[in-house]
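Q: File follows, work00.csv with CSV, C-alpha atoms:
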```csv
chain,number,residue,atom,x,y,z
X,1,MET,CA,-1.1,-2.0,10.3
X,2,PRO,CA,-4.2,-1.7,8.1
X,3,LEU,CA,-4.4,-4.1,5.2
X,4,HIS,CA,-3.6,-2.8,1.8
X,5,GLU,CA,-6.5,-2.4,-0.7
X,6,ARG,CA,-5.2,-5.4,-2.6
X,7,ASP,CA,-5.6,-7.5,0.5
X,8,ILE,CA,-9.1,-6.1,1.2
X,9,TYR,CA,-10.1,-6.9,-2.4
X,10,TYR,CA,-9.1,-10.4,-1.7
X,11,PHE,CA,-12.4,-10.9,0.2
X,12,ILE,CA,-14.3,-9.9,-2.9
X,13,ASP,CA,-12.0,-11.7,-5.3
X,14,VAL,CA,-12.3,-15.1,-3.6
X,15,THR,CA,-16.1,-14.8,-3.4
X,16,LEU,CA,-16.3,-14.0,-7.1
X,17,THR,CA,-13.9,-16.7,-8.1
X,18,HIS,CA,-16.1,-19.3,-6.2
X,19,LEU,CA,-19.3,-17.9,-7.7
X,20,ASN,CA,-17.8,-18.0,-11.2
X,21,LYS,CA,-16.8,-21.6,-10.6
X,22,LEU,CA,-20.4,-22.5,-9.7
X,23,THR,CA,-22.0,-20.5,-12.4
X,24,GLY,CA,-19.6,-21.2,-15.3
X,25,ASN,CA,-18.2,-17.6,-15.3
X,26,GLU,CA,-21.6,-16.0,-15.7
X,27,ILE,CA,-21.3,-13.6,-12.8
X,28,VAL,CA,-21.5,-10.0,-13.9
X,29,LEU,CA,-20.2,-7.1,-11.8
X,30,ARG,CA,-22.2,-3.9,-11.5
X,31,ASP,CA,-20.8,-0.6,-10.4
X,32,PRO,CA,-20.1,-0.6,-6.7
X,33,THR,CA,-21.3,2.0,-4.2
X,34,ILE,CA,-20.4,3.3,-0.8
X,35,GLU,CA,-23.4,3.5,1.5
X,36,PHE,CA,-23.5,5.8,4.5
X,37,GLN,CA,-26.9,5.3,5.9
X,38,SER,CA,-27.9,1.7,5.7
X,39,LEU,CA,-26.8,-1.8,5.2
X,40,VAL,CA,-28.0,-3.9,2.3
X,41,PHE,CA,-29.7,-7.2,3.0
X,42,SER,CA,-31.4,-9.5,0.5
X,43,ALA,CA,-33.2,-12.8,1.3
X,44,TYR,CA,-30.2,-14.8,2.7
X,45,THR,CA,-27.0,-13.6,4.1
X,46,GLY,CA,-23.7,-15.1,5.2
X,47,LEU,CA,-21.6,-12.9,7.4
X,48,LEU,CA,-18.1,-12.9,8.8
X,49,HIS,CA,-16.7,-10.6,11.4
X,50,LEU,CA,-13.1,-9.6,11.0
X,51,LYS,CA,-10.5,-8.7,13.5
X,52,GLY,CA,-6.8,-8.1,13.4
X,53,GLY,CA,-5.3,-6.6,10.2
X,54,VAL,CA,-8.7,-5.2,9.5
X,55,ASP,CA,-11.7,-4.7,11.8
X,56,GLY,CA,-15.2,-4.9,10.6
X,57,PHE,CA,-17.2,-7.4,8.6
X,58,VAL,CA,-17.8,-8.8,5.2
X,59,TYR,CA,-20.9,-10.6,4.0
X,60,ILE,CA,-22.6,-11.8,0.9
X,61,THR,CA,-26.4,-11.4,0.6
X,62,ALA,CA,-28.4,-12.9,-2.2
X,63,SER,CA,-32.0,-13.1,-3.4
X,64,GLN,CA,-33.8,-16.4,-3.0
X,65,GLN,CA,-34.0,-16.8,-6.8
X,66,PHE,CA,-30.2,-16.3,-7.1
X,67,LEU,CA,-29.7,-19.1,-4.6
X,68,GLN,CA,-32.4,-21.2,-6.4
X,69,PHE,CA,-30.3,-20.9,-9.6
X,70,LEU,CA,-27.2,-21.8,-7.7
X,71,PHE,CA,-29.0,-24.8,-6.2
X,72,ASN,CA,-30.1,-25.9,-9.6
X,73,ALA,CA,-26.6,-25.4,-11.1
X,74,ARG,CA,-25.0,-27.5,-8.4
X,75,GLN,CA,-27.6,-30.2,-7.8
X,76,SER,CA,-30.7,-31.4,-9.4
X,77,ARG,CA,-33.9,-29.7,-10.6
X,78,GLY,CA,-36.7,-28.8,-8.3
X,79,LYS,CA,-37.4,-26.0,-5.9
X,80,ALA,CA,-34.8,-25.2,-3.3
X,81,THR,CA,-36.1,-25.2,0.2
X,82,GLU,CA,-35.2,-22.7,2.8
X,83,GLU,CA,-32.7,-25.1,4.1
X,84,ASP,CA,-31.2,-25.4,0.6
X,85,CYS,CA,-30.9,-21.7,0.3
X,86,ARG,CA,-29.2,-21.5,3.7
X,87,GLU,CA,-26.8,-24.2,2.7
X,88,ALA,CA,-25.9,-22.4,-0.5
X,89,ILE,CA,-25.1,-19.1,1.2
X,90,SER,CA,-23.3,-21.0,3.9
X,91,ASP,CA,-21.2,-22.7,1.3
X,92,ILE,CA,-20.1,-19.4,-0.2
X,93,THR,CA,-19.4,-17.9,3.2
X,94,ALA,CA,-17.4,-20.9,4.3
X,95,THR,CA,-15.3,-20.8,1.1
X,96,MET,CA,-14.6,-17.2,1.7
X,97,ALA,CA,-13.6,-17.8,5.3
X,98,HIS,CA,-11.4,-20.7,4.2
X,99,GLN,CA,-9.6,-18.8,1.5
X,100,VAL,CA,-9.1,-15.7,3.7
X,101,LEU,CA,-7.7,-17.8,6.5
X,102,LYS,CA,-5.4,-19.6,4.1
X,103,LYS,CA,-4.0,-16.3,2.9
X,104,PHE,CA,-3.8,-14.2,6.0
X,105,GLY,CA,-3.2,-16.9,8.7
X,106,ASN,CA,-2.8,-15.4,12.1
X,107,THR,CA,-2.8,-11.8,11.0
X,108,LEU,CA,-6.6,-11.9,10.7
X,109,ARG,CA,-9.2,-13.5,13.0
X,110,LEU,CA,-12.5,-14.4,11.5
X,111,SER,CA,-15.8,-15.2,13.4
X,112,GLU,CA,-17.8,-18.2,12.7
X,113,PRO,CA,-20.0,-17.6,9.7
X,114,ARG,CA,-23.4,-16.2,10.6
X,115,ILE,CA,-26.2,-17.3,8.3
X,116,PHE,CA,-29.5,-15.5,8.5
X,117,SER,CA,-32.5,-14.7,6.3
X,118,THR,CA,-33.9,-11.3,5.6
X,119,VAL,CA,-32.3,-9.3,8.5
X,120,PRO,CA,-29.8,-10.3,11.1
X,121,ASP,CA,-31.1,-11.6,14.4
X,122,ASP,CA,-28.5,-9.5,16.3
X,123,PRO,CA,-28.1,-6.0,15.2
X,124,ILE,CA,-24.9,-5.2,13.3
X,125,GLU,CA,-23.2,-1.9,14.1
X,126,MET,CA,-23.2,0.3,11.0
X,127,PRO,CA,-19.7,1.6,10.3
X,128,PRO,CA,-19.2,5.1,8.9
X,129,ALA,CA,-19.5,3.6,5.4
X,130,VAL,CA,-19.9,0.3,3.7
X,131,PHE,CA,-18.6,-0.8,0.3
X,132,VAL,CA,-21.2,-2.6,-1.7
X,133,GLN,CA,-20.3,-4.7,-4.7
X,134,PRO,CA,-23.5,-5.7,-6.6
X,135,ILE,CA,-23.3,-8.8,-8.7
X,136,LEU,CA,-25.8,-10.1,-11.2
X,137,TRP,CA,-26.5,-13.6,-12.5
X,138,ARG,CA,-29.4,-14.4,-14.7
X,139,LYS,CA,-31.0,-11.1,-13.8
X,140,GLU,CA,-30.8,-11.9,-10.1
X,141,HIS,CA,-28.9,-9.8,-7.7
X,142,ALA,CA,-26.5,-10.6,-4.9
X,143,TYR,CA,-24.2,-8.2,-3.0
X,144,ILE,CA,-20.8,-8.5,-1.4
X,145,VAL,CA,-20.7,-5.9,1.4
X,146,LEU,CA,-17.6,-4.8,3.2
X,147,GLY,CA,-17.8,-2.8,6.4
X,148,LEU,CA,-14.6,-1.6,7.9
X,149,ALA,CA,-14.5,0.0,11.3
X,150,SER,CA,-13.4,3.7,11.3
X,151,ALA,CA,-10.5,2.8,13.5
X,152,GLU,CA,-9.1,0.8,10.6
X,153,THR,CA,-8.1,4.0,8.9
X,154,SER,CA,-6.4,5.6,11.9
G,1,MET,CA,-7.2,12.5,-33.5
G,2,THR,CA,-4.1,14.0,-32.0
G,3,GLY,CA,-3.9,12.1,-28.7
G,4,THR,CA,-4.9,15.1,-26.6
G,5,GLU,CA,-8.6,14.3,-26.8
G,6,ILE,CA,-10.4,13.1,-23.6
G,7,PHE,CA,-13.1,10.5,-23.9
G,8,LYS,CA,-15.5,8.9,-21.5
G,9,ARG,CA,-17.7,6.0,-21.8
G,10,THR,CA,-21.3,6.7,-22.7
G,11,PRO,CA,-24.7,5.6,-21.4
G,12,ALA,CA,-25.1,3.6,-24.6
G,13,TYR,CA,-22.0,1.6,-23.6
G,14,GLU,CA,-23.4,1.0,-20.1
G,15,ARG,CA,-26.6,-0.3,-21.7
G,16,GLU,CA,-24.8,-2.6,-24.2
G,17,ALA,CA,-21.8,-3.6,-22.1
G,18,ARG,CA,-23.0,-7.0,-21.3
G,19,ASP,CA,-23.5,-7.8,-24.9
G,20,ILE,CA,-20.3,-6.4,-26.2
G,21,ARG,CA,-17.7,-8.9,-27.3
G,22,LEU,CA,-14.1,-7.7,-27.5
G,23,HIS,CA,-10.6,-9.1,-27.1
G,24,ALA,CA,-9.1,-8.5,-23.7
G,25,PRO,CA,-6.6,-5.8,-24.9
G,26,GLN,CA,-9.5,-4.0,-26.5
G,27,TRP,CA,-11.5,-4.2,-23.2
G,28,LYS,CA,-8.5,-2.8,-21.4
G,29,LEU,CA,-8.4,0.2,-23.7
G,30,LEU,CA,-12.2,0.7,-23.6
G,31,LEU,CA,-12.4,0.5,-19.8
G,32,ALA,CA,-9.5,2.9,-19.5
G,33,PHE,CA,-11.5,5.9,-20.9
G,34,ASP,CA,-12.4,7.7,-17.8
G,35,GLY,CA,-13.2,11.2,-18.9
G,36,GLN,CA,-10.1,12.4,-17.2
G,37,ARG,CA,-7.1,11.3,-19.1
G,38,THR,CA,-6.1,12.1,-22.7
G,39,LEU,CA,-6.2,9.4,-25.4
G,40,ALA,CA,-2.4,9.2,-25.3
G,41,GLU,CA,-2.5,8.7,-21.5
G,42,VAL,CA,-5.2,6.1,-21.8
G,43,ALA,CA,-3.3,4.2,-24.5
G,44,LEU,CA,-0.2,4.2,-22.3
G,45,SER,CA,-2.1,2.9,-19.3
G,46,ALA,CA,-3.7,0.2,-21.4
G,47,GLU,CA,-0.2,-0.8,-22.7
G,48,ALA,CA,-1.2,0.0,-26.3
G,49,SER,CA,0.8,2.0,-28.7
G,50,PHE,CA,-0.9,5.2,-30.0
G,51,ALA,CA,-1.1,3.6,-33.5
G,52,GLU,CA,-2.9,0.6,-32.0
G,53,ALA,CA,-5.2,2.7,-29.9
G,54,LEU,CA,-6.2,5.0,-32.7
G,55,PRO,CA,-8.4,2.6,-34.8
G,56,LEU,CA,-9.8,1.1,-31.7
G,57,THR,CA,-10.8,4.4,-30.4
G,58,GLN,CA,-12.4,5.3,-33.7
G,59,LYS,CA,-14.3,2.0,-33.5
G,60,PHE,CA,-15.5,2.8,-30.0
G,61,LEU,CA,-16.6,6.2,-31.2
G,62,ASP,CA,-18.4,4.8,-34.2
G,63,GLN,CA,-20.2,2.3,-31.9
G,64,GLY,CA,-21.2,5.1,-29.6
G,65,TRP,CA,-19.5,3.5,-26.6
G,66,ILE,CA,-17.3,6.5,-25.9
G,67,GLU,CA,-17.8,10.2,-26.4
G,68,GLU,CA,-15.6,13.2,-26.1
G,69,GLN,CA,-15.4,14.9,-22.8
G,70,PRO,CA,-15.2,18.7,-23.4
G,71,ILE,CA,-13.0,20.5,-21.0
G,72,THR,CA,-12.9,24.1,-19.8
G,73,LEU,CA,-10.2,26.6,-20.6
G,74,ASP,CA,-8.9,26.2,-17.1
G,75,GLN,CA,-8.6,22.5,-17.4
G,76,TYR,CA,-7.0,22.8,-20.8
G,77,LEU,CA,-4.4,25.2,-19.6
G,78,LYS,CA,-3.7,23.1,-16.6
G,79,ARG,CA,-3.2,20.0,-18.8
G,80,SER,CA,-1.1,21.8,-21.2
G,81,GLY,CA,1.1,23.2,-18.5
G,82,ALA,CA,0.4,26.9,-19.4
G,83,HIS,CA,-0.2,29.4,-16.7
G,84,ASP,CA,-3.6,30.5,-15.7
G,85,LEU,CA,-4.4,33.8,-17.5
G,86,SER,CA,-5.9,35.2,-14.3
G,87,ALA,CA,-2.5,34.8,-12.6
G,88,VAL,CA,-0.8,37.1,-15.1
G,89,GLY,CA,-3.6,39.7,-15.2
G,90,GLY,CA,-5.4,38.6,-18.3
G,91,SER,CA,-9.1,38.2,-18.5
G,92,VAL,CA,-10.3,34.6,-18.5
G,93,PRO,CA,-13.7,33.9,-20.0
G,94,PRO,CA,-15.5,31.5,-17.8
G,95,ALA,CA,-15.8,27.9,-18.7
G,96,VAL,CA,-15.1,28.2,-22.4
G,97,VAL,CA,-15.4,24.8,-24.1
G,98,LEU,CA,-12.4,24.6,-26.4
G,99,HIS,CA,-13.1,21.3,-27.8
G,100,GLN,CA,-16.8,20.9,-28.3
G,101,PRO,CA,-17.6,17.6,-30.0
G,102,ARG,CA,-19.7,17.9,-33.1
G,103,THR,CA,-23.0,16.3,-32.3
G,104,ALA,CA,-25.6,15.0,-34.6
G,105,ALA,CA,-28.5,16.1,-32.5
G,106,PRO,CA,-27.5,18.0,-29.5
G,107,SER,CA,-31.0,18.6,-28.5
G,108,ALA,CA,-31.9,15.0,-28.5
G,109,ALA,CA,-33.4,13.7,-25.3
G,110,PRO,CA,-30.6,12.4,-23.1
G,111,THR,CA,-30.7,8.7,-22.5
G,112,ALA,CA,-30.9,7.3,-19.0
G,113,LYS,CA,-27.7,6.5,-17.3
G,114,PRO,CA,-26.9,2.9,-16.6
G,115,VAL,CA,-29.0,1.3,-14.0
G,116,ASN,CA,-26.9,1.5,-10.9
G,117,THR,CA,-26.8,-0.2,-7.6
G,118,PRO,CA,-30.1,-0.7,-6.0
G,119,LEU,CA,-30.6,-0.9,-2.3
G,120,PRO,CA,-32.5,-4.2,-2.4
G,121,ALA,CA,-35.5,-5.1,-0.6
G,122,PRO,CA,-35.5,-8.8,0.0
G,123,ALA,CA,-38.3,-9.5,-2.4
G,124,ALA,CA,-38.0,-6.9,-5.1
G,125,PRO,CA,-34.9,-4.6,-5.0
G,126,ALA,CA,-35.6,-1.1,-6.1
G,127,ILE,CA,-33.7,0.1,-9.1
G,128,VAL,CA,-32.3,3.6,-8.9
G,129,ALA,CA,-31.4,5.3,-12.1
G,130,PRO,CA,-29.3,8.4,-11.7
G,131,PRO,CA,-30.2,11.5,-13.6
G,132,PRO,CA,-29.2,11.6,-17.3
G,133,ALA,CA,-25.9,12.9,-18.5
G,134,SER,CA,-25.6,16.5,-19.4
G,135,ILE,CA,-23.0,16.0,-22.1
G,136,PRO,CA,-24.3,15.1,-25.6
G,137,ALA,CA,-22.9,12.1,-27.2
G,138,ALA,CA,-20.4,12.6,-30.0
G,139,ALA,CA,-21.6,11.3,-33.3
G,140,THR,CA,-18.5,12.1,-35.3
G,141,ILE,CA,-14.8,12.5,-34.9
G,142,PRO,CA,-14.2,15.7,-33.0
G,143,PRO,CA,-11.9,18.2,-34.4
G,144,PRO,CA,-8.4,18.3,-32.9
G,145,LEU,CA,-7.5,20.6,-30.1
G,146,PRO,CA,-6.5,24.1,-31.2
G,147,PRO,CA,-2.8,25.0,-31.0
G,148,LEU,CA,-1.6,25.9,-27.6
G,149,PRO,CA,-2.4,29.5,-26.9
G,150,VAL,CA,0.5,31.7,-26.2
G,151,ILE,CA,0.2,33.1,-22.8
G,152,SER,CA,2.1,36.1,-21.9
G,153,LYS,CA,1.8,39.2,-19.8
G,154,PRO,CA,-0.7,41.6,-21.3
G,155,VAL,CA,0.8,44.4,-23.4
G,156,GLU,CA,0.5,47.8,-21.8
G,157,PRO,CA,-1.6,50.1,-23.9
G,158,PRO,CA,0.3,53.0,-25.3
G,159,LEU,CA,-0.2,56.2,-23.3
G,160,PHE,CA,-1.8,58.0,-26.1
G,161,ALA,CA,-3.6,55.3,-27.8
G,162,ALA,CA,-6.3,56.5,-30.1
G,163,ALA,CA,-8.8,53.9,-29.1
G,164,PRO,CA,-8.4,50.8,-26.9
G,165,THR,CA,-8.4,47.6,-28.8
G,166,PRO,CA,-10.9,45.0,-27.8
G,167,GLU,CA,-8.2,42.6,-26.8
G,168,VAL,CA,-6.7,44.9,-24.1
G,169,LYS,CA,-9.0,44.9,-21.2
G,170,THR,CA,-8.7,47.8,-18.8
G,171,ALA,CA,-10.8,46.2,-16.1
G,172,PRO,CA,-9.2,46.0,-12.7
G,173,VAL,CA,-7.1,42.9,-12.4
G,174,ALA,CA,-7.8,40.6,-9.6
G,175,PRO,CA,-4.8,39.9,-7.3
G,176,ALA,CA,-3.2,36.5,-7.9
G,177,ALA,CA,-5.2,35.0,-5.1
G,178,LYS,CA,-6.7,31.6,-5.5
G,179,ALA,CA,-9.8,31.9,-7.7
G,180,PRO,CA,-13.1,31.0,-6.1
G,181,HIS,CA,-14.5,27.8,-7.2
G,182,GLY,CA,-17.9,26.3,-7.5
G,183,PRO,CA,-19.3,23.1,-5.9
G,184,MET,CA,-17.2,20.0,-5.7
G,185,LYS,CA,-18.1,17.3,-8.2
G,186,LEU,CA,-18.2,14.0,-6.5
G,187,ASN,CA,-17.5,12.0,-9.6
G,188,ALA,CA,-14.4,14.0,-10.2
G,189,VAL,CA,-13.2,13.2,-6.6
G,190,VAL,CA,-13.9,9.5,-7.1
G,191,ASP,CA,-12.2,9.5,-10.5
G,192,PHE,CA,-9.2,11.3,-9.1
G,193,ILE,CA,-8.7,8.9,-6.3
G,194,THR,CA,-9.3,5.9,-8.5
G,195,SER,CA,-6.8,7.2,-11.0
G,196,LEU,CA,-4.1,7.1,-8.4
G,197,VAL,CA,-4.2,3.3,-8.5
G,198,GLY,CA,-3.5,1.4,-11.6
G,199,ASN,CA,-6.4,-0.9,-11.0
G,200,ILE,CA,-10.1,0.2,-11.0
G,201,SER,CA,-11.2,-2.2,-8.3
G,202,LEU,CA,-8.4,-1.3,-6.0
G,203,GLY,CA,-8.9,2.3,-6.7
G,204,GLN,CA,-12.6,2.0,-5.7
G,205,LEU,CA,-11.5,0.5,-2.4
G,206,LEU,CA,-9.2,3.4,-1.9
G,207,VAL,CA,-12.2,5.7,-2.5
G,208,TYR,CA,-14.0,3.7,0.2
G,209,ARG,CA,-11.0,4.2,2.6
G,210,VAL,CA,-11.1,7.9,2.0
G,211,PHE,CA,-14.9,8.1,2.7
G,212,LEU,CA,-14.4,6.1,5.9
G,213,ARG,CA,-12.7,9.3,7.1
G,214,VAL,CA,-15.5,11.6,6.1
G,215,PRO,CA,-18.1,12.2,8.8
G,216,PRO,CA,-21.3,10.6,7.6
G,217,ASP,CA,-23.4,13.3,9.2
G,218,LEU,CA,-21.8,15.9,6.9
G,219,LEU,CA,-22.6,13.7,3.9
G,220,LEU,CA,-26.2,13.0,5.0
G,221,ALA,CA,-26.7,16.7,5.6
G,222,GLU,CA,-25.9,17.2,2.0
G,223,ASP,CA,-28.4,14.5,1.0
G,224,ILE,CA,-25.6,12.1,0.1
G,225,ALA,CA,-26.6,8.7,1.4
G,226,SER,CA,-24.4,6.8,-1.0
G,227,VAL,CA,-21.6,7.4,-3.5
G,228,HIS,CA,-21.8,5.7,-6.9
G,229,LEU,CA,-18.3,4.8,-7.8
G,230,VAL,CA,-19.0,5.3,-11.5
G,231,ASN,CA,-20.7,8.4,-12.8
G,232,ASP,CA,-22.0,9.8,-9.6
G,233,THR,CA,-23.8,13.0,-10.3
G,234,SER,CA,-23.8,14.6,-6.9
G,235,VAL,CA,-22.2,18.0,-6.3
G,236,ILE,CA,-21.1,19.2,-2.9
G,237,LYS,CA,-21.9,22.7,-2.0
G,238,SER,CA,-21.1,22.6,1.7
G,239,GLU,CA,-17.7,24.0,2.4
G,240,LYS,CA,-17.3,22.0,5.5
G,241,LEU,CA,-17.9,18.8,3.6
G,242,GLN,CA,-15.6,19.8,0.8
G,243,LYS,CA,-12.9,20.4,3.4
G,244,ALA,CA,-13.6,17.1,5.1
G,245,ILE,CA,-13.3,15.3,1.8
G,246,ALA,CA,-10.1,17.1,0.8
G,247,SER,CA,-8.6,16.4,4.2
G,248,ALA,CA,-9.5,12.7,3.9
G,249,VAL,CA,-8.1,12.4,0.4
G,250,ASP,CA,-4.9,14.1,1.6
G,251,ALA,CA,-4.6,11.8,4.7
G,252,VAL,CA,-5.2,8.6,2.8
G,253,THR,CA,-3.5,9.2,-0.5
G,254,LYS,CA,-1.0,11.9,0.5
G,255,ARG,CA,-2.1,13.8,-2.5
G,256,PRO,CA,-4.0,17.1,-2.5
G,257,LEU,CA,-7.2,17.2,-4.5
G,258,PRO,CA,-6.7,19.0,-7.8
G,259,ASP,CA,-8.8,22.1,-8.6
G,260,SER,CA,-10.4,20.2,-11.4
G,261,VAL,CA,-12.7,18.5,-9.0
G,262,PHE,CA,-14.5,21.8,-8.6
G,263,ALA,CA,-17.0,23.1,-11.0
G,264,PRO,CA,-16.4,26.7,-12.2
G,265,ALA,CA,-17.7,29.4,-9.8
```
Output the file's structure as structure tokens, nothing else.

A:
Amino acid sequence: MPLHERDIYYFIDVTLTHLNKLTGNEIVLRDPTIEFQSLVFSAYTGLLHLKGGVDGFVYITASQQFLQFLFNARQSRGKATEEDCREAISDITATMAHQVLKKFGNTLRLSEPRIFSTVPDDPIEMPPAVFVQPILWRKEHAYIVLGLASAETS
Amino acid sequence: MTGTEIFKRTPAYEREARDIRLHAPQWKLLLAFDGQRTLAEVALSAEASFAEALPLTQKFLDQGWIEEQPITLDQYLKRSGAHDLSAVGGSVPPAVVLHQPRTAAPSAAPTAKPVNTPLPAPAAPAIVAPPPASIPAAATIPPPLPPLPVISKPVEPPLFAAAPTPEVKTAPVAPAAKAPHGPMKLNAVVDFITSLVGNISLGQLLVYRVFLRVPPDLLLAEDIASVHLVNDTSVIKSEKLQKAIASAVDAVTKRPLPDSVFAPA
């Protein structure tokens, strides 16, 4: 049984809630798009594969500056290293995974978070379409991307 | 304002949205203007009484955040529940705008639409601005809709009429077959699907679910690599793609696409 839109939105919602907590509710949502041709990757990405109630993936991808701001908001001043950026994106992805597992339990299986910079090491199969929710913070972009397998709709 | 007006948010709103400060119920009303529903319907959906919605709507108009969405005769008749003139043998002027907003400067250069989703490059994401809107912004309160036209079967001209009156057209009447329509407006499809859900975010995910069922090759053949879920300006001419979208909408939402998603032929 495919998940209801409300449940699918939960992936986005928990991510936004976490980001708003980190940024003091400064996250701004831009108009989402549906992409048919390509995936969207920024500097750093944290990805989860989904199986069960919904098949596909969800990831958050953010610019280096976005993560730099996050790093500064959470820790001290100074320039975030690559490791710091990976840690920041990893933290968001882990929070998403934790919240999703808490809500859906056994009805949904999640992969281990995959963290990578620029483009994935292993190719990701492009589903028929992906849902892209752009977010903005201090003029820096990040994107929550949801890719559901076409079988999910059958 | 009578409550029958249809408003949509303007490019000016999109530009200023981040700086606007409103109370939550006012945001609810402002965000409910979708260019599809009447003011009365919007007020209802925003859980505001018409009396409450009226001054707020006026304020949004004055600020230039919303503008009136003119509708065609067909759309007007559909909304008012009247029969299509063509179905009873009358002549229907094509795409008559009944409710043209008064504009201060209709020839003014249209402003750019809101900056929409870029497909980011890791270092410097490209910003894609869709083409400008074609509908001029309303500067003043538009006049109320005219009274509902009385639709009836055309009067047969007398056998020995001295001269035909201009109202009685003797042109051959098309059979009551389905009128041909123009291209499908993608934004109208998106807005229709979104309107089926009481929540914009969930509605947008429903749109996504619909488009998961549309073969991407058909979309790409029509040069549609992405759908903007707000104010997409694409039109779909391919009949095959139109059918695929209609079928996907029907399969996912169990509702047929209304004719209003098509531009006039």

Q: Would you pick out the contacts of His18 (chain X) at 10 Å or less, using all atoms listed in the file, so that residues sharing its chain but fewer than 6 positions from it are not included, and give the list as a PyMOL selection string?

A: chain X and resi 24-25+91-92+95-96

Q: May I have the residues within 9 Å of Ala263 (chain G) as a list in words, using all atoms listed in the file and disregarding those fewer than 3 positions away in the same chain?

A: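 Skipping anything fewer than 3 positions along the chain leaves His181, Gly182, Pro183, Met184, Lys185, Val235, Asp259 and Ser260 of chain G.
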
Q: Those same residues, written as a PDB file, in the coordinates of the input with C-alpha atoms?

A:
```pdb
ATOM      1  CA  HIS G 181     -14.500  27.800  -7.200  1.00  0.00           C
ATOM      2  CA  GLY G 182     -17.900  26.300  -7.500  1.00  0.00           C
ATOM      3  CA  PRO G 183     -19.300  23.100  -5.900  1.00  0.00           C
ATOM      4  CA  MET G 184     -17.200  20.000  -5.700  1.00  0.00           C
ATOM      5  CA  LYS G 185     -18.100  17.300  -8.200  1.00  0.00           C
ATOM      6  CA  VAL G 235     -22.200  18.000  -6.300  1.00  0.00           C
ATOM      7  CA  ASP G 259      -8.800  22.100  -8.600  1.00  0.00           C
ATOM      8  CA  SER G 260     -10.400  20.200 -11.400  1.00  0.00           C
TER       9      SER G 260
END
```

Q: What lies within 8 Å of Thr10 (chain G) using all atoms listed in the file, ignoring chain neighbours under 5 positions off, as number ranges by chain?

A: G: 64-67, 137

Q: Enumerate as a VMD selection string the residues belonging to chain G that approach chain X to within 6 Å, with only C-alpha atoms taken into account.

A: chain G and resid 122 202 212 225 to 229

Q: Of the candidates X:Phe11, X:Phe66, X:Trp137, X:Phe116, which shows the shortest atom-to-atom distance to Val54 (chain X), using only C-alpha atoms?

A: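 Ranked by minimum distance to Val54 (chain X), first place goes to X:Phe11.
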
Q: Let me make sure I understand: among G:Ala32, G:Ala265, G:Ala248, G:Val190, which one has the smallest atom-to-atom distance to Glu47 (chain G) if we use only C-alpha atoms?

A: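 Answer, going by the shortest atom-to-atom distance: G:Ala32.
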
Q: Looking at all atoms listed in the file, which of X:Val145, X:Ala88, X:Leu70, X:Leu110 is the one that sits closest to Ile27 (chain X)?

A: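 Result for the nearest residue to Ile27 (chain X): X:Leu70.
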
Q: For CA of Phe50 (chain G) and CA of Gln69 (chain G), determine how far apart the two atoms are, in Å to one decimal place.

A: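 Going from CA of Phe50 (chain G) over to CA of Gln69 (chain G), I get 18.9 Å.
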
Q: For a test of reading the model, state the distance in Å between CA of Gln204 (chain G) and CA of Asp191 (chain G), rounded to one decimal.

A: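 So the answer is 8.9 Å.
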
Q: Mind giving me the straight-line distance from CA of Pro2 (chain X) to CA of Leu220 (chain G) in Å, one decimal?

A: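 Distance between the two atoms: 26.6 Å.
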
Q: Which of these, G:Lys237, G:Arg213, G:Arg255, G:Lys8, has the shortest distance to Leu61 (chain G) once you count all atoms listed in the file?

A: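 With all atoms listed in the file as the atom set, the closest residue is G:Lys8.
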
Q: Please provide as a PyMOL selection string all residues within 9 Å of Glu26 (chain X), with the sequence filter that same-chain residues fewer than 4 positions apart are discarded (counting only C-alpha atoms).

A: chain X and resi 19-22+136-138

Q: Would you put the residues from that selection into a file with C-alpha atoms, as a compact mmCIF listing (two decimals), in the coordinates of the input?

A:
```txt
# COMPACT_ATOMS: atom_id res chain seq x y z
CA LEU X 19 -19.30 -17.90 -7.70
CA ASN X 20 -17.80 -18.00 -11.20
CA LYS X 21 -16.80 -21.60 -10.60
CA LEU X 22 -20.40 -22.50 -9.70
CA LEU X 136 -25.80 -10.10 -11.20
CA TRP X 137 -26.50 -13.60 -12.50
CA ARG X 138 -29.40 -14.40 -14.70
```

Q: Would you mind telling me which residue in X:Ile89, X:Met126, X:Ala94, X:Ala80 lies nearest to Val14 (chain X) when using only C-alpha atoms?

A: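 Between X:Ile89, X:Met126, X:Ala94, X:Ala80, the residue approaching Val14 (chain X) most closely is X:Ala94.
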
Q: Name all residues at most 10 Å from Phe104 (chain X) (count all atoms listed in the file; drop same-chain ones fewer than 4 positions away) and give them as a list in words.

A: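 In the requested format, the answer is Asp7, Gly53, Gln99, Val100, Leu108 and Arg109 of chain X.
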